[in-house]
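**Q** Next comes the structure file entry.cif, holding mmCIF, C-alpha atoms.
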```
data_data
loop_
_atom_site.label_atom_id
_atom_site.label_comp_id
_atom_site.auth_asym_id
_atom_site.auth_seq_id
_atom_site.Cartn_x
_atom_site.Cartn_y
_atom_site.Cartn_z
CA MET A 675 -8.29 19.74 -5.38
CA PHE A 676 -9.76 18.57 -2.10
CA THR A 677 -12.99 18.16 -0.21
CA GLU A 678 -13.96 17.12 3.29
CA LEU A 679 -15.43 13.70 3.94
CA ASN A 680 -18.10 13.84 6.62
CA GLY A 681 -21.69 13.00 7.32
CA PRO A 682 -23.64 9.78 6.82
CA HIS A 683 -22.62 9.43 3.17
CA ALA A 684 -18.86 9.94 3.61
CA GLY A 685 -18.15 6.37 2.54
CA GLU A 686 -20.15 6.64 -0.68
CA LEU A 687 -18.49 9.96 -1.50
CA ASN A 688 -15.04 8.48 -0.88
CA ASP A 689 -15.87 5.52 -3.15
CA ALA A 690 -17.02 7.82 -5.95
CA LEU A 691 -14.01 10.11 -5.64
CA GLY A 692 -11.64 7.14 -5.49
CA ARG A 693 -12.90 6.01 -8.90
CA ILE A 694 -11.86 9.37 -10.40
CA GLY A 695 -8.40 9.48 -8.87
CA PHE A 696 -8.82 10.99 -5.42
CA ARG A 697 -6.94 9.74 -2.35
CA ARG A 698 -7.90 10.02 1.31
CA SER A 699 -5.90 11.65 4.12
CA GLN A 700 -7.79 11.56 7.42
CA SER A 701 -11.14 13.26 6.66
CA VAL A 702 -10.02 14.89 3.40
CA ALA A 703 -10.13 13.51 -0.15
CA TYR A 704 -7.59 15.12 -2.49
CA ARG A 705 -6.20 14.93 -6.01
CA PRO A 706 -3.19 16.77 -7.48
CA SER A 707 -4.16 19.52 -9.90
CA CYS A 708 -1.06 21.34 -11.07
CA ALA A 709 -1.13 23.86 -13.91
CA GLY A 710 0.51 22.40 -16.99
CA CYS A 711 1.43 19.08 -15.34
CA THR A 712 -0.32 15.70 -15.34
CA ALA A 713 2.59 13.56 -14.15
CA CYS A 714 0.78 12.11 -11.10
CA VAL A 715 -1.35 9.25 -12.42
CA SER A 716 -3.73 7.13 -10.34
CA VAL A 717 -3.05 3.39 -10.64
CA ARG A 718 -4.86 0.26 -9.50
CA VAL A 719 -4.19 -3.47 -9.80
CA VAL A 720 -6.89 -5.68 -11.33
CA ALA A 721 -6.94 -8.20 -8.48
CA SER A 722 -9.02 -10.87 -10.22
CA ASP A 723 -6.58 -11.07 -13.16
CA PHE A 724 -3.33 -10.75 -11.22
CA VAL A 725 -0.88 -13.61 -11.77
CA ALA A 726 2.27 -13.58 -9.65
CA ASN A 727 5.51 -13.96 -11.57
CA GLY A 728 8.29 -16.28 -10.44
CA THR A 729 9.95 -13.72 -8.20
CA GLN A 730 6.65 -12.78 -6.57
CA ARG A 731 5.73 -16.43 -5.98
CA LYS A 732 9.11 -16.95 -4.35
CA LEU A 733 8.50 -13.95 -2.09
CA ILE A 734 5.05 -15.21 -1.06
CA LYS A 735 6.56 -18.58 -0.16
CA ARG A 736 9.43 -16.99 1.77
CA HIS A 737 7.01 -15.04 3.96
CA SER A 738 4.35 -17.74 4.22
CA ASP A 739 4.89 -17.94 7.99
CA VAL A 740 3.99 -14.27 8.52
CA GLU A 741 0.81 -13.87 10.57
CA VAL A 742 -1.55 -11.30 9.03
CA THR A 743 -4.33 -9.64 11.02
CA ALA A 744 -6.80 -6.93 10.02
CA CYS A 745 -7.23 -4.73 13.11
CA ARG A 746 -9.52 -1.83 13.88
CA PRO A 747 -7.92 1.54 13.05
CA TRP A 748 -6.36 2.22 16.42
CA ALA A 749 -2.80 3.54 16.71
CA THR A 750 -0.36 1.69 18.95
CA ASP A 751 3.11 2.58 20.19
CA GLU A 752 4.47 -0.56 18.53
CA GLN A 753 3.17 0.62 15.16
CA PHE A 754 4.51 4.13 15.69
CA GLN A 755 8.01 2.87 16.59
CA LEU A 756 8.01 0.72 13.45
CA LEU A 757 6.94 3.74 11.40
CA ARG A 758 9.80 5.80 12.85
CA ARG A 759 12.32 3.10 11.87
CA TYR A 760 10.80 2.85 8.40
CA LEU A 761 11.01 6.61 7.81
CA ALA A 762 14.60 6.68 9.05
CA GLN A 763 15.52 3.78 6.75
CA ARG A 764 13.62 4.76 3.62
CA HIS A 765 12.67 8.44 3.80
CA PRO A 766 15.12 10.35 6.04
CA GLY A 767 14.41 14.04 5.83
CA GLY A 768 11.07 13.43 4.10
CA GLY A 769 7.86 15.27 4.84
CA MET A 770 6.70 12.67 7.39
CA ALA A 771 10.00 12.39 9.26
CA GLY A 772 8.86 14.81 11.96
CA MET A 773 5.66 12.94 12.82
CA ASP A 774 5.00 12.43 16.53
CA GLU A 775 2.61 10.01 18.25
CA GLY A 776 -0.27 12.45 17.94
CA ASP A 777 0.27 12.91 14.21
CA TYR A 778 0.34 9.17 13.70
CA ALA A 779 -2.81 8.65 15.77
CA ASP A 780 -4.57 11.30 13.67
CA MET A 781 -3.53 9.56 10.45
CA VAL A 782 -4.85 6.19 11.61
CA GLU A 783 -7.88 7.01 13.74
CA HIS A 784 -9.45 10.03 12.04
CA SER A 785 -11.22 8.14 9.29
CA PRO A 786 -14.85 8.75 8.34
CA VAL A 787 -14.89 5.62 6.13
CA ASN A 788 -14.43 1.87 6.56
CA SER A 789 -10.73 1.59 7.44
CA PHE A 790 -8.48 -0.88 9.20
CA ILE A 791 -4.83 -1.54 9.98
CA VAL A 792 -3.38 -4.74 8.54
CA GLU A 793 -0.53 -5.99 10.75
CA TYR A 794 2.19 -8.40 9.61
CA ARG A 795 3.95 -10.30 12.39
CA GLU A 796 6.47 -13.04 12.95
CA PRO A 797 4.89 -16.28 14.22
CA ALA A 798 3.57 -16.15 17.77
CA LYS A 799 5.66 -17.82 20.49
CA ASP A 800 4.37 -19.20 23.79
CA GLY A 801 1.00 -17.55 23.16
CA ARG A 802 2.56 -14.11 22.71
CA PRO A 803 2.29 -12.14 19.45
CA GLY A 804 5.40 -12.14 17.30
CA ARG A 805 7.41 -9.09 16.36
CA LEU A 806 5.62 -6.54 14.19
CA LEU A 807 7.25 -6.59 10.75
CA GLY A 808 4.95 -4.28 8.81
CA ALA A 809 1.58 -2.58 8.75
CA CYS A 810 -0.74 -0.89 6.28
CA LEU A 811 -3.56 1.59 6.79
CA THR A 812 -6.21 0.41 4.34
CA ASP A 813 -9.65 1.61 3.24
CA GLN A 814 -12.25 -0.85 2.02
CA GLN A 815 -14.11 0.78 -0.84
CA ALA A 816 -17.07 -0.58 -2.76
CA ASP A 817 -14.84 -1.69 -5.63
CA GLY A 818 -11.61 -2.58 -3.89
CA LEU A 819 -8.97 -1.97 -1.25
CA SER A 820 -7.16 1.36 -1.15
CA MET A 821 -3.69 1.17 0.40
CA ILE A 822 -3.46 4.52 2.17
CA TYR A 823 -0.01 4.05 3.71
CA SER A 824 2.19 1.04 4.36
CA PHE A 825 5.41 0.76 6.34
CA PHE A 826 7.73 -2.05 7.37
CA ASP A 827 11.18 -2.91 8.71
CA SER A 828 13.46 -3.17 5.69
CA GLU A 829 16.57 -4.18 7.66
CA ILE A 830 15.45 -7.49 9.21
CA GLU A 831 17.82 -10.26 8.15
CA GLY A 832 16.08 -12.95 6.12
CA ARG A 833 13.01 -10.80 5.46
CA PRO A 834 13.60 -9.09 2.09
CA GLY A 835 10.81 -7.58 0.04
CA LEU A 836 8.31 -6.98 2.83
CA GLY A 837 6.84 -3.99 1.01
CA ASN A 838 6.18 -6.11 -2.09
CA PHE A 839 4.73 -8.87 0.08
CA ILE A 840 2.29 -6.43 1.70
CA ILE A 841 1.02 -5.35 -1.73
CA MET A 842 0.60 -8.94 -2.90
CA ASP A 843 -1.23 -9.81 0.31
CA HIS A 844 -3.67 -6.97 -0.37
CA ILE A 845 -4.22 -8.24 -3.92
CA LEU A 846 -4.99 -11.73 -2.60
CA ARG A 847 -7.25 -10.30 0.14
CA ALA A 848 -9.18 -8.26 -2.43
CA ARG A 849 -9.61 -11.30 -4.66
CA ALA A 850 -10.83 -13.42 -1.74
CA ALA A 851 -13.41 -10.73 -0.89
CA ALA A 852 -14.53 -10.49 -4.55
CA LEU A 853 -13.27 -6.90 -4.73
CA PRO A 854 -11.98 -6.13 -8.23
CA TYR A 855 -9.19 -3.63 -7.50
CA VAL A 856 -6.33 -2.66 -5.23
CA TYR A 857 -5.62 1.08 -5.41
CA LEU A 858 -1.91 1.91 -5.09
CA GLY A 859 -2.16 5.69 -5.14
CA TYR A 860 -0.21 7.82 -7.61
CA TRP A 861 2.48 6.80 -10.06
CA VAL A 862 4.89 9.07 -11.93
CA LYS A 863 6.41 7.56 -15.04
CA GLY A 864 10.20 7.61 -14.85
CA SER A 865 10.29 7.93 -11.06
CA ALA A 866 12.61 5.24 -9.73
CA ARG A 867 10.90 5.29 -6.32
CA MET A 868 7.50 4.58 -7.87
CA GLU A 869 8.58 2.03 -10.47
CA TYR A 870 7.74 -0.87 -8.12
CA LYS A 871 4.03 -0.23 -8.73
CA THR A 872 4.37 -1.38 -12.34
CA ARG A 873 5.41 -4.89 -11.23
CA TYR A 874 1.80 -5.80 -10.45
CA ARG A 875 -0.04 -6.67 -13.63
CA PRO A 876 -2.53 -6.02 -15.02
CA LEU A 877 -2.18 -2.43 -13.81
CA GLU A 878 -4.75 0.16 -14.80
CA VAL A 879 -3.96 3.87 -15.11
CA LEU A 880 -6.46 6.72 -15.02
CA GLY A 881 -6.36 9.01 -18.04
CA PRO A 882 -8.64 11.59 -19.67
CA GLN A 883 -10.75 8.80 -21.19
CA GLY A 884 -11.01 6.80 -17.96
CA TRP A 885 -9.19 3.71 -16.72
CA SER A 886 -7.10 1.63 -19.14
CA VAL A 887 -4.54 -1.15 -18.79
CA LEU A 888 -0.95 0.07 -18.74
CA ALA A 889 0.93 -1.39 -21.69
CA GLU A 890 4.01 -3.46 -21.00
CA ASP A 891 7.26 -1.54 -21.48
CA PRO A 892 9.75 -3.93 -23.16
CA ILE A 893 12.71 -2.05 -21.71
CA ALA A 894 11.26 -2.05 -18.19
CA VAL A 895 10.30 -5.74 -18.44
CA SER A 896 13.83 -6.59 -19.55
CA ALA A 897 15.32 -4.64 -16.64
CA ILE A 898 13.02 -6.34 -14.13
CA ALA A 899 13.85 -9.78 -15.54
CA GLN A 900 17.57 -9.05 -15.31
CA ALA A 901 17.19 -7.82 -11.71
CA ALA A 902 15.32 -11.00 -10.82
CA LEU A 903 18.09 -13.13 -12.29
CA GLU A 904 20.63 -11.25 -10.22
CA GLY A 905 18.56 -11.69 -7.07
CA GLU A 906 17.89 -7.98 -6.61
CA LEU A 907 14.14 -8.50 -6.33
CA ALA A 908 14.27 -11.88 -4.56
#
```
Just dump the structure as structure tokens.
**A**
Amino acid sequence: MFTELNGPHAGELNDALGRIGFRRSQSVAYRPSCAGCTACVSVRVVASDFVANGTQRKLIKRHSDVEVTACRPWATDEQFQLLRRYLAQRHPGGGMAGMDEGDYADMVEHSPVNSFIVEYREPAKDGRPGRLLGACLTDQQADGLSMIYSFFDSEIEGRPGLGNFIIMDHILRARAAALPYVYLGYWVKGSARMEYKTRYRPLEVLGPQGWSVLAEDPIAVSAIAQAALEGELA
């Protein structure tokens, strides 16, 4: 299901659709609607109630020197080159692997709503901006921040967990702005690639009766705890 976002009330429409599970791509709001399948579930973090666990606190401390800037939604070559490395590292052969500069500019700049790019950089040196480590295209909605697409360099030595750090930074930014939620897009139960979204609690899922808090899975919690002990999530 999809509809175009345009006109003077595009922002209000996007906010309303976001609350019932739609996502934005450029000037289109969409939601999966597959016959006989409801696997794609919208999820959002309750920012005001989020409490970082030990591993997450360690990650925030490790990246405490990262300089974070919310920029206007304007595509740069530096961002595009980082995106290309990210896709090659994490999603080779994926649907976005063939994106060129024009495609990326369309993704970032063609927004009819209140959007920005959050950049994550190494500390500045001699008055010059540090290396770009990650970025996220983000919408500010009436009830929260919607992370449209994030990307980062996952092969920088000494910088593990940048993707998790970007999510936690958005949660803290939402809380500071008195915005109740951070929308993480869709989650499919059992998908290993999407399991990271369940690490941010409380997490709400959208079902037929509306939003509800996702119950803790004892097996998943045990696996995450074991991974933390082994340093896999550190």
**Q** How close does each residue of stretch 733-787 of chain A get to stretch 827-848 of chain A, giving the shortest atom pair and distance in Å to one decimal for every residue with an atom at most 7 Å away, counting all atoms listed in the file, sorted by chain and residue number, as JSON lines?
**A**
```
{"residue": "A:Leu733", "atom": "CA", "partner": "A:Phe839", "partner_atom": "CA", "distance": 6.7}
{"residue": "A:Ile734", "atom": "CA", "partner": "A:Phe839", "partner_atom": "CA", "distance": 6.4}
{"residue": "A:Leu756", "atom": "CA", "partner": "A:Asp827", "partner_atom": "CA", "distance": 6.8}
{"residue": "A:Arg759", "atom": "CA", "partner": "A:Asp827", "partner_atom": "CA", "distance": 6.9}
{"residue": "A:Tyr760", "atom": "CA", "partner": "A:Asp827", "partner_atom": "CA", "distance": 5.8}
```
**Q** Just checking: using all atoms listed in the file, which residue out of A:Val702, A:Val717, A:Cys745, A:Cys810 ends up closest to A:Leu757?
**A** A:Cys810
**Q** Just so the selection is clear, what residues does the PyMOL selection byres ((chain A and resi 876) around 12) cover here, as a PyMOL selection string?
**A** chain A and resi 717-727+845+854-856+871-875+877-879+885-890
**Q** So what do you get for atom CA of A:Glu741 versus atom CA of A:Gly776, distance-wise?
**A**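 Value for the atom CA of A:Glu741-atom CA of A:Gly776 distance: 27.4 Å.
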**Q** Rounded to one decimal, what separation in Å do you get between atom CA of A:Thr812 and atom CA of A:Ala744?
**A**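 Those two atoms sit 9.3 Å apart.
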**Q** Have a look at atom CA of A:Tyr870 and atom CA of A:Ala852 and let me know their distance in Å, one decimal.
**A** 24.5 Å
**Q** Calculated over all atoms listed in the file, which of the candidates A:Gln755, A:Ala749, A:Trp861, A:Glu796 has the smallest distance to A:Met781?
**A**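 The answer is A:Ala749, which sits nearest to A:Met781.
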**Q** May I have the protein, DNA and RNA residues with an atom at most 12 Å from (1.8, 11.5, 17.8), counting only C-alpha atoms in the file's coordinates, returned as number ranges by chain?
**A** A: 749-751, 753-755, 757-758, 770-783
**Q** Considering all atoms listed in the file, can you say which of A:Val715, A:Leu806, A:Ala709, A:Val792 comes closest to A:Glu752?
**A** A:Leu806
**Q** To test your reading of the syntax: which residues would the PyMOL selection byres ((chain A and resi 863) around 10) return for the file shown? Reply as JSON, numbers by chain.
**A** {"A": [713, 714, 715, 860, 861, 862, 864, 865, 866, 868, 869, 872]}
**Q** Would you please work out which residue, of A:Tyr857, A:Val787, A:Gly695, A:Pro766, is nearest to A:Glu678 when using all atoms listed in the file?
**A**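 Of all the options, A:Val787 lies closest to A:Glu678.
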**Q** Can you translate the PyMOL selection byres ((chain A and resi 687-694) around 12) into the concrete residues it hits in this file, as JSON, numbers by chain?
**A** {"A": [675, 676, 677, 678, 679, 680, 681, 682, 683, 684, 685, 686, 695, 696, 697, 698, 699, 700, 701, 702, 703, 704, 705, 706, 715, 716, 717, 718, 785, 786, 787, 788, 789, 813, 814, 815, 816, 817, 818, 819, 820, 821, 822, 855, 856, 857, 858, 859, 860, 878, 879, 880, 881, 882, 883, 884, 885]}
